[in-house]
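Structure data (PDB, C-alpha atoms) from work-v9.pdb:
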ATOM      1  CA  MET J 222      70.865-197.899  37.160
ATOM      2  CA  ASP J 223      72.572-199.029  40.381
ATOM      3  CA  ASN J 224      71.231-195.987  42.220
ATOM      4  CA  LEU J 225      67.727-196.660  40.905
ATOM      5  CA  LEU J 226      67.892-200.271  42.089
ATOM      6  CA  PHE J 227      69.216-199.144  45.474
ATOM      7  CA  THR J 228      66.284-196.759  45.855
ATOM      8  CA  ALA J 229      63.744-199.370  44.769
ATOM      9  CA  ASN J 230      65.191-201.984  47.124
ATOM     10  CA  THR J 231      64.985-199.504  50.004
ATOM     11  CA  VAL J 232      61.543-198.017  49.460
ATOM     12  CA  LEU J 233      59.356-200.535  47.642
ATOM     13  CA  PRO J 234      59.446-203.422  50.172
ATOM     14  CA  VAL J 235      58.232-201.086  52.916
ATOM     15  CA  PHE J 236      55.372-199.556  50.967
ATOM     16  CA  LEU J 237      54.377-202.852  49.322
ATOM     17  CA  ILE J 238      53.623-204.181  52.816
ATOM     18  CA  VAL J 239      51.572-201.026  53.471
ATOM     19  CA  PHE J 240      49.625-201.600  50.245
ATOM     20  CA  LEU J 241      49.208-205.271  51.205
ATOM     21  CA  GLY J 242      47.472-204.122  54.381
ATOM     22  CA  LEU J 243      45.227-201.874  52.303
ATOM     23  CA  ALA J 244      44.391-204.785  49.980
ATOM     24  CA  LEU J 245      43.709-207.209  52.847
ATOM     25  CA  LYS J 246      41.263-204.715  54.329
ATOM     26  CA  ARG J 247      39.445-204.234  51.024
ATOM     27  CA  TRP J 248      39.302-208.015  50.442
ATOM     28  CA  GLY J 249      37.721-208.530  53.849
ATOM     29  CA  LEU J 250      40.636-210.563  55.221
ATOM     30  CA  MET J 251      41.039-208.145  58.128
ATOM     31  CA  ASN J 252      38.813-205.552  59.735
ATOM     32  CA  ASP J 253      39.080-202.434  61.879
ATOM     33  CA  ASN J 254      39.164-204.536  65.042
ATOM     34  CA  PHE J 255      42.241-206.413  63.793
ATOM     35  CA  VAL J 256      43.936-203.132  62.863
ATOM     36  CA  ASN J 257      43.218-201.633  66.282
ATOM     37  CA  LEU J 258      44.351-204.700  68.232
ATOM     38  CA  SER J 259      47.490-205.251  66.136
ATOM     39  CA  SER J 260      48.410-201.577  66.509
ATOM     40  CA  ARG J 261      48.026-201.918  70.264
ATOM     41  CA  ILE J 262      50.316-204.967  70.256
ATOM     42  CA  VAL J 263      52.902-203.072  68.210
ATOM     43  CA  PHE J 264      52.951-199.913  70.316
ATOM     44  CA  THR J 265      52.698-201.549  73.738
ATOM     45  CA  ILE J 266      54.750-204.735  73.284
ATOM     46  CA  SER J 267      56.712-205.422  70.112
ATOM     47  CA  LEU J 268      58.012-201.930  69.246
ATOM     48  CA  PRO J 269      59.076-201.164  72.855
ATOM     49  CA  THR J 270      60.818-204.559  72.868
ATOM     50  CA  LEU J 271      62.677-203.659  69.669
ATOM     51  CA  VAL J 272      63.697-200.267  71.087
ATOM     52  CA  PHE J 273      64.844-201.847  74.361
ATOM     53  CA  LEU J 274      66.939-204.545  72.667
ATOM     54  CA  GLU J 275      68.554-202.114  70.228
ATOM     55  CA  LEU J 276      69.358-199.485  72.865
ATOM     56  CA  SER J 277      70.501-201.947  75.540
ATOM     57  CA  ALA J 278      73.160-203.334  73.197
ATOM     58  CA  ILE J 279      74.412-200.006  71.883
ATOM     59  CA  ASP J 280      77.754-198.384  72.678
ATOM     60  CA  PHE J 281      76.713-194.859  73.623
ATOM     61  CA  SER J 282      80.281-193.579  73.411
ATOM     62  CA  ASN J 283      80.254-194.271  69.660
ATOM     63  CA  ALA J 284      76.562-194.083  68.747
ATOM     64  CA  LEU J 285      75.380-191.074  70.743
ATOM     65  CA  ASP J 286      75.713-187.941  68.628
ATOM     66  CA  ALA J 287      74.436-185.059  70.731
ATOM     67  CA  ALA J 288      74.813-182.570  67.868
ATOM     68  CA  GLN J 289      72.660-184.719  65.590
ATOM     69  CA  ILE J 290      69.977-185.076  68.268
ATOM     70  CA  VAL J 291      69.955-181.306  68.799
ATOM     71  CA  TYR J 292      69.662-180.703  65.053
ATOM     72  CA  VAL J 293      66.801-183.181  64.635
ATOM     73  CA  CYS J 294      64.886-181.670  67.557
ATOM     74  CA  ALA J 295      65.589-178.116  66.360
ATOM     75  CA  GLY J 296      64.517-179.079  62.835
ATOM     76  CA  THR J 297      61.265-180.530  64.141
ATOM     77  CA  PHE J 298      60.561-177.373  66.117
ATOM     78  CA  PHE J 299      61.416-175.304  63.022
ATOM     79  CA  SER J 300      58.891-177.190  60.874
ATOM     80  CA  PHE J 301      56.297-176.826  63.643
ATOM     81  CA  ALA J 302      56.884-173.064  63.920
ATOM     82  CA  LEU J 303      56.997-172.521  60.148
ATOM     83  CA  SER J 304      53.737-174.403  59.591
ATOM     84  CA  TRP J 305      52.138-172.321  62.344
ATOM     85  CA  ILE J 306      53.334-169.030  60.828
ATOM     86  CA  LEU J 307      52.344-169.946  57.261
ATOM     87  CA  SER J 308      48.917-171.280  58.196
ATOM     88  CA  LYS J 309      47.750-168.401  60.374
ATOM     89  CA  PRO J 310      46.917-165.880  57.587
ATOM     90  CA  PHE J 311      45.284-168.454  55.289
ATOM     91  CA  ILE J 312      43.379-170.904  57.504
ATOM     92  CA  ARG J 313      40.717-169.071  59.459
ATOM     93  CA  ASP J 314      39.059-172.031  61.166
ATOM     94  CA  ALA J 315      41.050-172.893  64.298
ATOM     95  CA  ARG J 316      40.049-176.570  64.046
ATOM     96  CA  ASP J 317      41.486-176.829  60.548
ATOM     97  CA  ARG J 318      44.600-174.831  61.438
ATOM     98  CA  SER J 319      45.339-177.122  64.398
ATOM     99  CA  VAL J 320      45.165-180.192  62.170
ATOM    100  CA  PHE J 321      47.257-178.540  59.447
ATOM    101  CA  ILE J 322      50.042-177.760  61.921
ATOM    102  CA  GLN J 323      50.107-181.243  63.422
ATOM    103  CA  GLY J 324      49.992-182.915  60.011
ATOM    104  CA  SER J 325      52.858-180.748  58.775
ATOM    105  CA  PHE J 326      55.459-181.710  61.378
ATOM    106  CA  ARG J 327      54.543-185.048  62.998
ATOM    107  CA  GLY J 328      56.075-187.905  61.021
ATOM    108  CA  ASN J 329      55.665-191.669  61.169
ATOM    109  CA  TYR J 330      59.319-192.329  62.010
ATOM    110  CA  ALA J 331      58.510-195.043  64.555
ATOM    111  CA  ILE J 332      57.293-197.417  61.845
ATOM    112  CA  ILE J 333      57.982-196.273  58.288
ATOM    113  CA  GLY J 334      61.175-194.475  59.301
ATOM    114  CA  LEU J 335      62.675-197.441  61.145
ATOM    115  CA  ALA J 336      61.711-199.810  58.326
ATOM    116  CA  LEU J 337      63.346-197.611  55.671
ATOM    117  CA  THR J 338      66.450-197.103  57.810
ATOM    118  CA  ALA J 339      66.851-200.853  58.326
ATOM    119  CA  ASN J 340      66.397-201.497  54.585
ATOM    120  CA  MET J 341      68.932-198.852  53.599
ATOM    121  CA  PHE J 342      71.667-199.306  56.201
ATOM    122  CA  GLY J 343      70.975-202.736  57.713
ATOM    123  CA  SER J 344      69.646-203.782  61.105
ATOM    124  CA  ASP J 345      72.782-202.465  62.843
ATOM    125  CA  SER J 346      71.568-198.932  62.105
ATOM    126  CA  LEU J 347      68.459-199.419  64.254
ATOM    127  CA  GLY J 348      70.376-198.707  67.461
ATOM    128  CA  LYS J 349      71.188-195.145  66.498
ATOM    129  CA  ALA J 350      67.762-194.724  64.898
ATOM    130  CA  SER J 351      66.166-195.828  68.176
ATOM    131  CA  ILE J 352      68.067-193.097  70.020
ATOM    132  CA  LEU J 353      66.640-190.489  67.647
ATOM    133  CA  LEU J 354      63.182-192.008  68.056
ATOM    134  CA  ALA J 355      63.392-191.875  71.851
ATOM    135  CA  CYS J 356      64.413-188.209  71.673
ATOM    136  CA  ILE J 357      61.908-187.080  69.060
ATOM    137  CA  LEU J 358      58.779-188.753  70.456
ATOM    138  CA  PRO J 359      58.438-186.527  73.540
ATOM    139  CA  LEU J 360      58.875-183.441  71.357
ATOM    140  CA  TYR J 361      56.227-184.696  68.920
ATOM    141  CA  ASN J 362      53.789-185.226  71.784
ATOM    142  CA  VAL J 363      54.320-181.832  73.422
ATOM    143  CA  LEU J 364      54.143-179.909  70.137
ATOM    144  CA  ALA J 365      51.041-181.848  69.066
ATOM    145  CA  VAL J 366      49.232-180.901  72.272
ATOM    146  CA  ILE J 367      50.206-177.250  71.739
ATOM    147  CA  ALA J 368      49.099-177.367  68.082
ATOM    148  CA  LEU J 369      45.723-178.857  68.956
ATOM    149  CA  THR J 370      45.097-176.624  71.956
ATOM    150  CA  VAL J 371      46.497-173.104  71.525
ATOM    151  CA  PRO J 372      44.562-172.225  68.323
ATOM    152  CA  MET J 373      41.447-173.384  70.217
ATOM    153  CA  ARG J 374      42.332-171.465  73.379
ATOM    154  CA  HIS J 375      38.869-169.907  73.569
ATOM    155  CA  GLU J 376      37.388-173.394  73.938
ATOM    156  CA  ARG J 377      39.969-175.315  75.964
ATOM    157  CA  GLN J 378      42.978-174.769  78.196
ATOM    158  CA  LEU J 379      46.485-175.986  77.469
ATOM    159  CA  ASN J 380      47.405-178.646  80.031
ATOM    160  CA  ILE J 381      51.144-179.276  79.873
ATOM    161  CA  ALA J 382      51.003-181.506  82.967
ATOM    162  CA  ASP J 383      48.724-183.985  81.192
ATOM    163  CA  ALA J 384      50.974-183.927  78.126
ATOM    164  CA  LEU J 385      54.058-184.651  80.227
ATOM    165  CA  LEU J 386      52.240-187.477  82.015
ATOM    166  CA  GLU J 387      51.359-189.066  78.679
ATOM    167  CA  ILE J 388      55.018-188.858  77.655
ATOM    168  CA  VAL J 389      56.180-190.571  80.846
ATOM    169  CA  LYS J 390      53.567-193.313  80.339
ATOM    170  CA  ASN J 391      54.534-193.880  76.685
ATOM    171  CA  PRO J 392      55.783-197.503  76.333
ATOM    172  CA  LEU J 393      58.526-196.447  73.897
ATOM    173  CA  ILE J 394      59.879-193.862  76.332
ATOM    174  CA  LEU J 395      59.732-196.384  79.184
ATOM    175  CA  ALA J 396      61.589-198.938  77.042
ATOM    176  CA  ALA J 397      64.305-196.399  76.243
ATOM    177  CA  ILE J 398      64.681-195.422  79.912
ATOM    178  CA  CYS J 399      64.917-199.082  80.976
ATOM    179  CA  ALA J 400      67.539-199.789  78.298
ATOM    180  CA  ILE J 401      69.925-197.005  79.339
ATOM    181  CA  PRO J 402      71.387-198.793  82.435
ATOM    182  CA  PHE J 403      71.927-201.982  80.400
ATOM    183  CA  ALA J 404      73.850-200.054  77.747
ATOM    184  CA  TYR J 405      75.770-197.790  80.122
ATOM    185  CA  PHE J 406      76.892-200.562  82.499
ATOM    186  CA  LYS J 407      77.156-203.122  79.667
ATOM    187  CA  ILE J 408      74.753-205.521  81.391
ATOM    188  CA  GLY J 409      74.137-208.636  79.330
ATOM    189  CA  ILE J 410      70.641-209.971  78.713
ATOM    190  CA  HIS J 411      69.999-213.671  79.348
ATOM    191  CA  PRO J 412      69.857-215.615  76.047
ATOM    192  CA  ILE J 413      66.336-216.912  76.748
ATOM    193  CA  ILE J 414      65.023-213.382  77.302
ATOM    194  CA  SER J 415      67.019-212.056  74.366
ATOM    195  CA  LYS J 416      65.724-214.704  71.965
ATOM    196  CA  THR J 417      62.134-214.223  73.138
ATOM    197  CA  GLY J 418      62.568-210.479  72.686
ATOM    198  CA  ASN J 419      63.936-210.991  69.189
ATOM    199  CA  TYR J 420      60.821-212.963  68.243
ATOM    200  CA  LEU J 421      58.613-210.182  69.590
ATOM    201  CA  SER J 422      60.589-207.392  67.939
ATOM    202  CA  ALA J 423      60.500-209.262  64.618
ATOM    203  CA  LEU J 424      56.726-208.779  64.652
ATOM    204  CA  THR J 425      57.030-205.017  64.803
ATOM    205  CA  LEU J 426      57.649-203.704  61.312
ATOM    206  CA  PRO J 427      55.586-206.118  59.170
ATOM    207  CA  LEU J 428      52.610-206.062  61.555
ATOM    208  CA  ALA J 429      52.769-202.281  61.928
ATOM    209  CA  LEU J 430      53.097-201.675  58.176
ATOM    210  CA  ILE J 431      50.127-203.943  57.451
ATOM    211  CA  GLY J 432      48.209-202.036  60.121
ATOM    212  CA  ILE J 433      49.066-198.713  58.478
ATOM    213  CA  GLY J 434      47.690-199.991  55.179
ATOM    214  CA  GLY J 435      44.558-201.293  56.868
ATOM    215  CA  SER J 436      43.953-197.982  58.593
ATOM    216  CA  LEU J 437      44.086-195.900  55.396
ATOM    217  CA  SER J 438      40.598-194.790  54.423
ATOM    218  CA  PHE J 439      39.633-193.412  51.010
ATOM    219  CA  ALA J 440      36.006-192.811  51.944
ATOM    220  CA  GLU J 441      36.523-189.049  52.238
ATOM    221  CA  MET J 442      39.197-188.742  49.564
ATOM    222  CA  LYS J 443      37.079-188.036  46.475
ATOM    223  CA  ARG J 444      37.726-184.296  46.727
ATOM    224  CA  PRO J 445      40.660-183.660  49.079
ATOM    225  CA  SER J 446      40.822-180.088  50.332
ATOM    226  CA  ALA J 447      43.562-177.594  49.563
ATOM    227  CA  ILE J 448      44.453-177.664  53.266
ATOM    228  CA  ALA J 449      45.075-181.432  53.179
ATOM    229  CA  LEU J 450      47.163-181.148  50.009
ATOM    230  CA  SER J 451      49.151-178.213  51.415
ATOM    231  CA  ALA J 452      49.883-179.947  54.729
ATOM    232  CA  SER J 453      50.985-183.097  52.899
ATOM    233  CA  ALA J 454      53.264-181.128  50.569
ATOM    234  CA  PHE J 455      54.726-179.292  53.554
ATOM    235  CA  LYS J 456      55.407-182.604  55.338
ATOM    236  CA  ILE J 457      56.870-184.703  52.543
ATOM    237  CA  ILE J 458      58.437-182.055  50.259
ATOM    238  CA  LEU J 459      59.260-178.757  51.967
ATOM    239  CA  THR J 460      60.366-180.101  55.358
ATOM    240  CA  PRO J 461      62.810-182.772  54.087
ATOM    241  CA  LEU J 462      64.144-180.403  51.417
ATOM    242  CA  LEU J 463      64.994-177.587  53.829
ATOM    243  CA  LEU J 464      66.202-179.708  56.737
ATOM    244  CA  THR J 465      68.255-182.151  54.655
ATOM    245  CA  LEU J 466      69.983-179.210  52.964
ATOM    246  CA  GLY J 467      70.634-177.800  56.429
ATOM    247  CA  ALA J 468      72.120-181.094  57.600
ATOM    248  CA  TYR J 469      74.368-181.247  54.526
ATOM    249  CA  TRP J 470      75.462-177.655  55.156
ATOM    250  CA  LEU J 471      76.504-178.830  58.633
ATOM    251  CA  HIS J 472      78.666-181.492  56.920
ATOM    252  CA  TYR J 473      76.493-184.532  57.629
ATOM    253  CA  THR J 474      76.850-187.285  55.030
ATOM    254  CA  GLY J 475      76.491-191.051  54.781
ATOM    255  CA  GLU J 476      74.291-192.910  57.238
ATOM    256  CA  ASP J 477      73.714-189.832  59.396
ATOM    257  CA  LEU J 478      72.403-187.754  56.484
ATOM    258  CA  GLY J 479      70.312-190.624  55.147
ATOM    259  CA  THR J 480      68.764-191.289  58.542
ATOM    260  CA  MET J 481      67.879-187.630  59.027
ATOM    261  CA  PHE J 482      66.401-187.373  55.536
ATOM    262  CA  ILE J 483      64.150-190.354  56.262
ATOM    263  CA  LEU J 484      63.109-188.887  59.614
ATOM    264  CA  PHE J 485      62.131-185.562  58.049
ATOM    265  CA  ALA J 486      60.559-187.118  54.921
ATOM    266  CA  CYS J 487      58.271-189.643  56.636
ATOM    267  CA  PRO J 488      54.540-189.197  56.016
ATOM    268  CA  THR J 489      52.236-187.881  58.715
ATOM    269  CA  ALA J 490      51.836-190.219  61.683
ATOM    270  CA  ILE J 491      48.541-192.083  61.995
ATOM    271  CA  VAL J 492      48.324-191.134  65.668
ATOM    272  CA  SER J 493      47.653-187.563  64.509
ATOM    273  CA  PHE J 494      44.154-188.689  63.469
ATOM    274  CA  VAL J 495      43.564-190.271  66.878
ATOM    275  CA  MET J 496      44.634-187.081  68.645
ATOM    276  CA  ALA J 497      42.556-184.881  66.343
ATOM    277  CA  GLU J 498      39.449-186.933  67.095
ATOM    278  CA  ALA J 499      40.164-186.951  70.826
ATOM    279  CA  MET J 500      40.695-183.166  70.909
ATOM    280  CA  GLY J 501      37.525-182.408  68.949
ATOM    281  CA  VAL J 502      39.151-180.835  65.894
ATOM    282  CA  ASN J 503      38.780-181.822  62.218
ATOM    283  CA  GLY J 504      39.387-185.586  62.226
ATOM    284  CA  LYS J 505      38.307-185.936  58.585
ATOM    285  CA  LEU J 506      41.018-183.477  57.525
ATOM    286  CA  ALA J 507      43.606-185.312  59.641
ATOM    287  CA  GLY J 508      42.701-188.589  57.933
ATOM    288  CA  ASN J 509      43.025-187.013  54.488
ATOM    289  CA  ILE J 510      46.483-185.667  55.324
ATOM    290  CA  ILE J 511      47.614-189.120  56.459
ATOM    291  CA  VAL J 512      46.412-190.806  53.258
ATOM    292  CA  ILE J 513      47.814-188.160  50.881
ATOM    293  CA  SER J 514      51.185-187.901  52.634
ATOM    294  CA  THR J 515      51.560-191.690  52.871
ATOM    295  CA  LEU J 516      50.858-192.241  49.181
ATOM    296  CA  GLY J 517      52.873-189.199  48.127
ATOM    297  CA  SER J 518      55.872-190.166  50.227
ATOM    298  CA  VAL J 519      56.412-193.253  48.074
ATOM    299  CA  VAL J 520      57.433-190.844  45.307
ATOM    300  CA  THR J 521      59.117-188.105  47.347
ATOM    301  CA  ILE J 522      61.229-190.439  49.486
ATOM    302  CA  SER J 523      62.274-192.386  46.383
ATOM    303  CA  ILE J 524      63.320-189.188  44.587
ATOM    304  CA  GLY J 525      65.164-187.898  47.642
ATOM    305  CA  LEU J 526      67.108-191.112  48.206
ATOM    306  CA  PHE J 527      67.930-191.366  44.499
ATOM    307  CA  ILE J 528      69.352-187.823  44.471
ATOM    308  CA  LEU J 529      71.357-188.361  47.662
ATOM    309  CA  ARG J 530      72.724-191.650  46.327
ATOM    310  CA  THR J 531      73.516-190.225  42.877
ATOM    311  CA  TYR J 532      75.604-187.419  44.375
ATOM    312  CA  GLY J 533      77.392-189.815  46.729
ATOM    313  CA  LEU J 534      75.951-188.251  49.881
ATOM    314  CA  ILE J 535      74.698-191.547  51.355
TER     315      ILE J 535
END
Would you mind writing the structure in this file as structure tokens?
Amino acid sequence: MDNLLFTANTVLPVFLIVFLGLALKRWGLMNDNFVNLSSRIVFTISLPTLVFLELSAIDFSNALDAAQIVYVCAGTFFSFALSWILSKPFIRDARDRSVFIQGSFRGNYAIIGLALTANMFGSDSLGKASILLACILPLYNVLAVIALTVPMRHERQLNIADALLEIVKNPLILAAICAIPFAYFKIGIHPIISKTGNYLSALTLPLALIGIGGSLSFAEMKRPSAIALSASAFKIILTPLLLTLGAYWLHYTGEDLGTMFILFACPTAIVSFVMAEAMGVNGKLAGNIIVISTLGSVVTISIGLFILRTYGLI
């Protein structure tokens, strides 16, 4: 019973806020414009502020685990490569295959992952989680560009330079880079700036989770395709199962194992729909994958955390 309560206390508050956003949208209390503007505030101001404050106060000598970072990045590349290999014989349309690959590996760790980590291990865990986020985001972006371009190589050219430029311009990456000198040289932040930053960062998770709920669309979900269901199952079942077992085999337990499970088990990131639309592939399929994986992850993450807790691994 204790393990069940632990799981419920970790997972339900996060997804109840997501469902609140969905309800507010359906009740007409917010619209697409609010969702778009609030998402912009989160990703350009409040989330970078949270990342900066967490990283600037961290002790890298204790919190930086290079082996864990390497494993997370290698695991992400593994899921990307496996989804590519498995999809090639079965998905003939390059537009659908591109979306399948991106939906299978790109998780929403920046919002849902950080929220679950904070619920499970407390706000002190956000420093280490922010390090993983800063390392995984560039990889997500590069692999997403490859996934959406290479299968369509007869129609467009892969432009790594543009992808790298987008990474450098990413507010979260800039926040992480700016925070490193503060952490390394132990530079204190003035209390006025720190308190203002805390107010801004406090906006991040609730506003972002409401925005996720508001952005979920069921208009095209009456008959979800086998591709959408397969990509969602790959993202929220197969990937966390294989990579969490791998992490345990490498003797990770406790907070480290729990954090990695959450990272690998997160549903598909909403930005994957934006990129699919921008790159001219199947945006409808991308939206379906986001909805199915988000709803399904309520169950799969709960089961995963319950099992890990029951066996004393976290």
Give me the residues near region 418-435 of chain J as number ranges by chain, where near means some atom within 9 Å (using only C-alpha atoms) and where sequence neighbours in that chain fewer than 2 positions away do not count.
J: 235-236, 238-247, 251-253, 255-257, 259-260, 262-264, 266-272, 274, 332-333, 335-336, 413-416, 437-438, 491
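Among the candidate residues J:Leu276, J:Ile448, J:Val371, J:Ala229, the one lying nearest to Ile312 (chain J) is J:Ile448, with distances computed using all atoms listed in the file.
Among the candidate residues J:Phe273, J:Phe439, J:Leu385, J:Leu464, the one lying nearest to Ile398 (chain J) is J:Phe273, with distances computed using only C-alpha atoms.
Proximity to Gly517 (chain J) was assessed for J:Leu463, J:Leu303, J:Ala452, J:Leu258 counting only C-alpha atoms; the smallest distance is recorded for J:Ala452.
Straight-line separation from CA of Lys407 (chain J) to CA of Thr265 (chain J): 25.2 Å.
The residue that comes closest to Ala355 (chain J), out of J:Thr521, J:Gln323, J:Asn391, J:Thr489 and on the basis of all atoms listed in the file, is J:Asn391.
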Can you tell me which residues surround Gly467 (chain J) at a distance of at most 10 Å, considering only C-alpha atoms, apart from same-chain residues fewer than 6 positions away, and format the answer as a PyMOL selection string?
chain J and resi 292+296+461+473
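Here CA of Ile388 (chain J) and CA of Ser453 (chain J) stand 25.7 Å from one another.
Interatomic distance, CA of Phe298 (chain J) against CA of Gly525 (chain J): 21.8 Å.
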Which residues would end up in the selection if the PyMOL selection byres ((chain J and resi 481) around 12) were applied here, given that I need the answer as a ChimeraX atom specification?
/J:289-294,296-297,328,330,334-335,337-338,349-350,353-354,357,460-469,473-480,482-487,522,525-526,529,535
Got a sec: who's within 9 Å of Val502 (chain J), counting only C-alpha atoms, leaving out chain neighbours fewer than 4 positions off, as a VMD selection string?
chain J and resid 315 to 317 319 to 320 369 373 496 to 498 506 to 507
Residues within 9 Å of Tyr405 (chain J), all atoms listed in the file, excluding chain neighbours under 2 positions, as a tab-separated table (two decimals) with C-alpha atoms, in the frame of the given file:
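This went into out.tsv:
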chain	number	residue	atom	x	y	z
J	277	SER	CA	70.50	-201.95	75.54
J	279	ILE	CA	74.41	-200.01	71.88
J	280	ASP	CA	77.75	-198.38	72.68
J	281	PHE	CA	76.71	-194.86	73.62
J	400	ALA	CA	67.54	-199.79	78.30
J	401	ILE	CA	69.92	-197.00	79.34
J	402	PRO	CA	71.39	-198.79	82.44
J	403	PHE	CA	71.93	-201.98	80.40
J	407	LYS	CA	77.16	-203.12	79.67
J	408	ILE	CA	74.75	-205.52	81.39
For the structure shown, which residues end up in the PyMOL selection byres ((chain J and resi 362) around 9)? Put them as a ChimeraX atom specification, please?
/J:327,357-361,363-367,384-385,387-388
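Among the candidate residues J:Ala404, J:Leu233, J:Leu534, J:Leu225, the one lying nearest to Ser282 (chain J) is J:Ala404, with distances computed using only C-alpha atoms.
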